[in-house]
Each structure stands twice: as C-alpha cells, then as structure tokens.
Amino acid sequence: MNYEKRISKVREAMAKLPVDAIFVTNLMNVRYLCGFTGSNGMLLVTEKGSRFFTDGRYRTQSADQVEGADVVIYQDPPELGSHLRTAVSEMKATQIGFEATNVTFARVDELRGFFEDAALHSTKNVVEDLRAVKEPEELDLMRTAAHMADDGFSHILDFVRTGMTEQDVALELEFYLRKNGAEDVSFSPIVAAAERSALPHAHPTDRLVEEGRYLLFDLGCKYKGYCSDLTRTVVVGEPDSRHSSVYEVILAANEAGLSAAGPEKSAREVDRAARDVVEAAGYPEAFSHGLGHGVGLEVHEGPTVRTTSDDLLKPGNVITIEPGAYFADWGGVRVEDLCVITESGVEVLSKSPKELIAL
Ligand code: ZN
Ligand code: ZN
C-alpha cells in the first residue's frame with residue numbers, strides 16, 4: 001500500500017480545514033495511513049511530517065509495519081503527553097484536529113492536557129472519506145474476500161441438514177471460512193431458520209433448521225484486513241407460492257438497486273429504485289432498513305445507501321445492495337451483493353447464485 005500517498009491526501013484535506021495537524025486515533029484510520037494493525041496506536045500528521053505513537057508491547061510490530069511515519073514508543077500516558085508536545089513544537093503545529101467520532105469527553109480532556117500549548121479542533125470523516133474510495137490494490141483484496149464468502153456459502157449448502165441448530169451451522173460456516181484462508185470473519189455469521197429469518201440481525205440460537213421454511217445466511221470474512229459481506233436466503237425443501245413470490249420481489253429489488261447504482265448516482269436514489277419494487281409489491285413496511293452500506297477495512301463504513309443519505313457514489317466505492325422483506329412469525333428474505341462502483345456502472349463482486357435455491 002502507498003501510505004505516503006494516503007498521508008499526502010490527508011494533508012490536502014487538512015488544507016481546507018482550520019488545522020495544521022490531525023491526531024488520528026481511530027485504529028482503522030491509523031492502519032489505513034501507516035499500516036499498523038495493533039490495538040494501541042496513534043498517528044500525528046502535520047504539514048511537515050508524521051509521527052506514530054504506541055506502547056512498549058508493540059516495539060517490534062511497529063518497527064515491522066509502520067511506513068511513512070517516525071515511531072515513538074512511550075511507557076505511560078504522561079510520557080505520551082510529553083512526546084506529543086515535543087512533536088508539535090518540533091513540527092510547528094498549533095491547530096490540532098482530533099477525530100470527533102472516535103473520542104470520548106474524557107479523551108478530549110486528556111488531549112487538552114497533552115496539547116496544552118495548541119488549540120484543539122473537532123474534525124469528522126477526514127480519513128474515512130479517503131477510505132471510501134478504494135485503490136486498485138484494495139479492490140483486489142476485496143475480490144478475494146468476496147470469493148471466500150461465496151465459497152463459504154457453497155460449502156454450507158452442502159453441509160446443512162434439517163434438524164441442525166442455527167448455531168451448529170453458523171459454527172461450521174465460521175470454521176470453514178477461517179480454515180480456508182480468511183484471517184477472521186467480518187462479523188459472526190448469521191444463520192436464521194424459519195420465522196427467525198424475519199429478524200434482520202438474528203443471532204444464531206438453538207432453533208432447528210426446518211423443512212418447508214426459509215433459511216437465511218449473512219456472512220463475510222476478512223482478507224488482509226478487508227471485509228466481504230454476503231446474504232442469501234434459501235428454502236429448505238419445497239418452496240410454497242408465498243416463499244417464491246416474496247423471494248422474486250426481493251431479487252428484483254436487488255437487481256433494480258444494482259442497475260441504479262453507478263458513478264455520480266445519488267445513493268438515496270439507488271435506495272429508492274430498490275424500495276420502489278418492494279412498495280409496488282404492496283408491503284413497503286416489510287423493507288425495514290437501508291439498502292446498503294460501504295465496506296472496506298470495516299464491514300460498515302461510508303458511503304451510506306439509505307433513504308436519507310446525502311452521499312453521491314464515486315468510482316472506487318464498494319457498497320452492498322441488500323434489500324429485504326421481513327414478516328414476523330413467518331420469515332424473511334434478504335439478498336445481499338457486494339459491488340464496486342466503476343467508471344461506467346458497477347462490478348458485482350458476489351458471485352453466489354441468486355435464483356431461489358430449494359435445498
Ligand atoms: Zn450482510
Ligand atoms: Zn451488509
């Protein structure tokens with residue numbers, strides 16, 4: 001990854017703000033800007049240079065991973081404070097931006113003490129906005145992560161039988177993904193049987209997989225830090241006409257969303273295109289969430305694809321298109337694809353079959 005280039009883009013963004021430095025504390029942003037993957041690290045980017053701070057546990061790891069910034073190891077918070085004061089005075093920064101969505105009130109008080117001779121300014125989404133537009137190298141990693149999720153879905157269809165619990169199936173899915181190259185799952189897999197498929201964020205339970213009902217899988221994995229996200233809904237045994245008709249509507253909504261997405265398209269209108277299909281079917285209230293979200297180092301990041309989104313899609317955005325319809329006590333369907341906005345439309349990364357599968 002070209003960390004120097006990313007840091008120079010942070011400096012371009014800083015030039016439009018009343019700051020001459022940004023103190024990056026969101027660990028995903030830290031990773032994005034200098035490569036560090038540990039659990040404690042902060043990056044101070046000024047107009048003149050950048051300095052990375054971590055504690056003694058990460059001496060070796062930071063020496064191996066951090067690029068484009070000088071590494072400073074500290075023992076305790078007072079020592080961190082004195083290193084930060086030294087850094088800002090050496091790099092002549094006086095107006096420090098902090099990441100407002102990542103710090104608590106307590107942390108802001110602490111930062112006031114650390115940067116006692118500088119002014120603090122709240123900033124939002126400086127690094128997140130850069131992360132939302134993926135570089136070709138990131139897209140390659142996401143294609144691999146999406147492929148792993150497809151492979152996991154295909155495996156779990158072979159594995160699952162009636163009488164297994166959701167938990168049995170979810171564990172097998174996670175084990176398979178991790179055994180086959182995923183460094184982690186992007187989130188604990190959702191396996192929702194029968195009426196539980198009507199819960200958009202069902203947590204696997206001891207509910208049994210049952211004949212003649214929906215079975216919903218929502219899964220994703222991480223590859224070199226990058227997440228995938230995939231949902232498919234199948235019917236165990238023979239679908240009845242209601243299973244088929246709700247499925248057809250949601251599949252059509254997914255396709256309408258994919259067709260509407262593209263460069264310079266408003267994310268809100270993409271949501272609208274999919275939602276219109278569900279509304280025309282007569283159950284708008286059954287589609288009870290936004291159409292999608294950005295994916296990258298985090299499984300939920302920018303841009304947002306929902307009715308209230310102000311985001312405009314750009315080439316390099318990676319988003320999900322995941323309409324659903326949920327009917328309490330009966331079941332629900334969601335069909336989720338991961339796609340990249342390209343110069344001319346979308347590239348769909350999820351390759352799992354989309355016609356209704358009868359297991
Ligand atoms: Zn998902
Ligand atoms: Zn999703």
# chains A, B, ... in the order shown; residues from 1 in each chain; ligands from 1
>>> residues_around(residues="Arg178 in chain A", least_positions_apart="6", cutoff="9 Å", atoms="only C-alpha atoms", output="PDB file with C-alpha atoms, in the first residue's frame")
ATOM      1  CA  ASP A 184     -11.256 -13.662  10.531  1.00  0.00           C
ATOM      2  CA  VAL A 185     -14.964 -13.279   9.886  1.00  0.00           C
ATOM      3  CA  CYS A 221     -14.775 -12.653   6.027  1.00  0.00           C
TER       4      CYS A 221
END
>>> residues_near_ligand(ligand="ligand 1", cutoff="7 Å", atoms="only C-alpha atoms and all ligand atoms", output="PyMOL selection string")
chain A and resi 218-220+229-231+336
>>> residues_near_ligand(ligand="ligand 2", cutoff="12 Å", atoms="only C-alpha atoms and all ligand atoms", output="PyMOL selection string")
chain A and resi 186-187+189-190+200-201+217-221+227-232+289-296+298-301+304-305+318-324+334-339
>>> write_last_selection(atoms="C-alpha atoms", output="PDB file, in the first residue's frame")
ATOM      1  CA  SER A 186     -16.158  -9.709   9.253  1.00  0.00           C
ATOM      2  CA  PHE A 187     -18.904 -10.388  11.819  1.00  0.00           C
ATOM      3  CA  PRO A 189     -22.206 -15.290  10.695  1.00  0.00           C
ATOM      4  CA  ILE A 190     -25.983 -15.012  10.786  1.00  0.00           C
ATOM      5  CA  PRO A 200     -32.633  -8.745  10.084  1.00  0.00           C
ATOM      6  CA  HIS A 201     -29.823  -9.167  12.645  1.00  0.00           C
ATOM      7  CA  PHE A 217     -27.302 -16.781   5.732  1.00  0.00           C
ATOM      8  CA  ASP A 218     -25.452 -13.479   6.161  1.00  0.00           C
ATOM      9  CA  LEU A 219     -21.697 -13.909   6.222  1.00  0.00           C
ATOM     10  CA  GLY A 220     -18.448 -12.207   5.477  1.00  0.00           C
ATOM     11  CA  CYS A 221     -14.775 -12.653   6.027  1.00  0.00           C
ATOM     12  CA  CYS A 227     -14.099  -7.364   4.632  1.00  0.00           C
ATOM     13  CA  SER A 228     -16.720  -9.006   2.488  1.00  0.00           C
ATOM     14  CA  ASP A 229     -20.459  -9.211   3.155  1.00  0.00           C
ATOM     15  CA  LEU A 230     -22.933 -11.600   1.506  1.00  0.00           C
ATOM     16  CA  THR A 231     -26.545 -12.612   2.199  1.00  0.00           C
ATOM     17  CA  ARG A 232     -28.530 -15.363   0.552  1.00  0.00           C
ATOM     18  CA  HIS A 289     -33.704  -0.950   6.798  1.00  0.00           C
ATOM     19  CA  GLY A 290     -31.493   0.961   4.389  1.00  0.00           C
ATOM     20  CA  LEU A 291     -30.496  -0.625   1.098  1.00  0.00           C
ATOM     21  CA  GLY A 292     -26.802  -0.864   1.807  1.00  0.00           C
ATOM     22  CA  HIS A 293     -23.550   0.410   3.220  1.00  0.00           C
ATOM     23  CA  GLY A 294     -19.939   0.861   2.281  1.00  0.00           C
ATOM     24  CA  VAL A 295     -17.492  -1.937   3.073  1.00  0.00           C
ATOM     25  CA  GLY A 296     -13.714  -1.915   3.392  1.00  0.00           C
ATOM     26  CA  GLU A 298     -14.713  -2.194   8.340  1.00  0.00           C
ATOM     27  CA  VAL A 299     -17.830  -4.073   7.343  1.00  0.00           C
ATOM     28  CA  HIS A 300     -19.890  -0.916   7.825  1.00  0.00           C
ATOM     29  CA  GLU A 301     -18.300   2.279   6.546  1.00  0.00           C
ATOM     30  CA  THR A 304     -24.349   5.016   3.218  1.00  0.00           C
ATOM     31  CA  VAL A 305     -27.103   3.850   0.882  1.00  0.00           C
ATOM     32  CA  VAL A 318     -17.554  -0.549  -2.507  1.00  0.00           C
ATOM     33  CA  ILE A 319     -21.133  -0.915  -1.309  1.00  0.00           C
ATOM     34  CA  THR A 320     -23.685  -3.571  -0.555  1.00  0.00           C
ATOM     35  CA  ILE A 321     -27.091  -3.774  -2.192  1.00  0.00           C
ATOM     36  CA  GLU A 322     -29.230  -5.710   0.295  1.00  0.00           C
ATOM     37  CA  PRO A 323     -32.984  -5.256   0.131  1.00  0.00           C
ATOM     38  CA  GLY A 324     -35.076  -7.398   2.439  1.00  0.00           C
ATOM     39  CA  ARG A 334     -32.663 -10.695   2.066  1.00  0.00           C
ATOM     40  CA  VAL A 335     -30.422 -10.840  -0.991  1.00  0.00           C
ATOM     41  CA  GLU A 336     -27.137  -9.009  -0.495  1.00  0.00           C
ATOM     42  CA  ASP A 337     -24.403  -8.410  -3.050  1.00  0.00           C
ATOM     43  CA  LEU A 338     -21.121  -6.600  -2.654  1.00  0.00           C
ATOM     44  CA  CYS A 339     -20.277  -4.347  -5.590  1.00  0.00           C
TER      45      CYS A 339
END
>>> residues_around(residues="Ala358 in chain A", least_positions_apart="3", cutoff="9 Å", atoms="only C-alpha atoms", output="list in words")
Val234, Val235, Val236, Gly237, Glu238 and Pro239 of chain A
>>> write_last_selection(atoms="all heavy atoms", output="compact mmCIF listing (two decimals), in the first residue's frame")
# COMPACT_ATOMS: atom_id res chain seq x y z
N VAL A 234 -32.45 -19.18 1.30
CA VAL A 234 -32.87 -20.38 0.56
C VAL A 234 -34.12 -20.94 1.24
O VAL A 234 -34.51 -20.47 2.31
CB VAL A 234 -31.74 -21.45 0.55
CG1 VAL A 234 -30.45 -20.88 -0.04
CG2 VAL A 234 -31.48 -22.00 1.95
N VAL A 235 -34.73 -21.92 0.59
CA VAL A 235 -35.84 -22.64 1.22
C VAL A 235 -35.39 -24.08 1.44
O VAL A 235 -34.77 -24.68 0.56
CB VAL A 235 -37.13 -22.58 0.37
CG1 VAL A 235 -38.20 -23.50 0.95
CG2 VAL A 235 -37.66 -21.16 0.31
N VAL A 236 -35.63 -24.58 2.64
CA VAL A 236 -35.31 -25.97 2.93
C VAL A 236 -36.50 -26.81 2.43
O VAL A 236 -37.63 -26.61 2.89
CB VAL A 236 -35.10 -26.18 4.44
CG1 VAL A 236 -34.67 -27.63 4.73
CG2 VAL A 236 -34.06 -25.20 4.98
N GLY A 237 -36.26 -27.67 1.46
CA GLY A 237 -37.38 -28.43 0.87
C GLY A 237 -38.07 -27.61 -0.21
O GLY A 237 -37.46 -26.71 -0.80
N GLU A 238 -39.36 -27.88 -0.41
CA GLU A 238 -40.08 -27.21 -1.49
C GLU A 238 -40.62 -25.86 -1.05
O GLU A 238 -41.33 -25.77 -0.05
CB GLU A 238 -41.26 -28.09 -1.92
CG GLU A 238 -40.88 -29.20 -2.89
CD GLU A 238 -40.13 -28.67 -4.11
OE1 GLU A 238 -40.70 -27.82 -4.84
OE2 GLU A 238 -38.97 -29.07 -4.33
N PRO A 239 -40.32 -24.81 -1.83
CA PRO A 239 -40.92 -23.51 -1.51
C PRO A 239 -42.42 -23.52 -1.82
O PRO A 239 -42.84 -24.16 -2.78
CB PRO A 239 -40.19 -22.53 -2.44
CG PRO A 239 -39.53 -23.35 -3.48
CD PRO A 239 -39.41 -24.75 -2.98
>>> residues_around(residues="His121 in chain A", least_positions_apart="6", cutoff="8 Å", atoms="only C-alpha atoms", output="list in words")
Pro18, Val19, Gln95, Ile96, Gly97 and Phe98 of chain A
>>> residues_around(residues="Leu312 in chain A", least_positions_apart="2", cutoff="7 Å", atoms="only C-alpha atoms", output="PyMOL selection string")
chain A and resi 264-267+310+314
>>> write_last_selection(atoms="C-alpha atoms", output="mmCIF file, in the first residue's frame")
data_model
loop_
_atom_site.group_PDB
_atom_site.id
_atom_site.type_symbol
_atom_site.label_atom_id
_atom_site.label_comp_id
_atom_site.auth_asym_id
_atom_site.auth_seq_id
_atom_site.Cartn_x
_atom_site.Cartn_y
_atom_site.Cartn_z
ATOM 1 C CA GLU A 264 -22.329 10.217 -9.799
ATOM 2 C CA LYS A 265 -25.574 8.490 -8.801
ATOM 3 C CA SER A 266 -27.197 9.646 -5.594
ATOM 4 C CA ALA A 267 -27.116 6.855 -3.001
ATOM 5 C CA ASP A 310 -26.630 12.633 1.018
ATOM 6 C CA LYS A 314 -17.954 7.598 -6.811
#
>>> closest_residue(among="A:Leu349, A:Leu80, A:Leu356, A:Cys34", to="Asp150 in chain A", atoms="only C-alpha atoms")
A:Leu349
>>> closest_residue(among="A:Ala325, A:Val270, A:Leu173, A:Leu111", to="Thr308 in chain A", atoms="only C-alpha atoms")
A:Val270
>>> select_by_dssp(residues="range 215-301 of chain A", states="strand (DSSP E)", output="ChimeraX atom specification")
/A:215-219,221-223,226-227,230-236,292-294,301
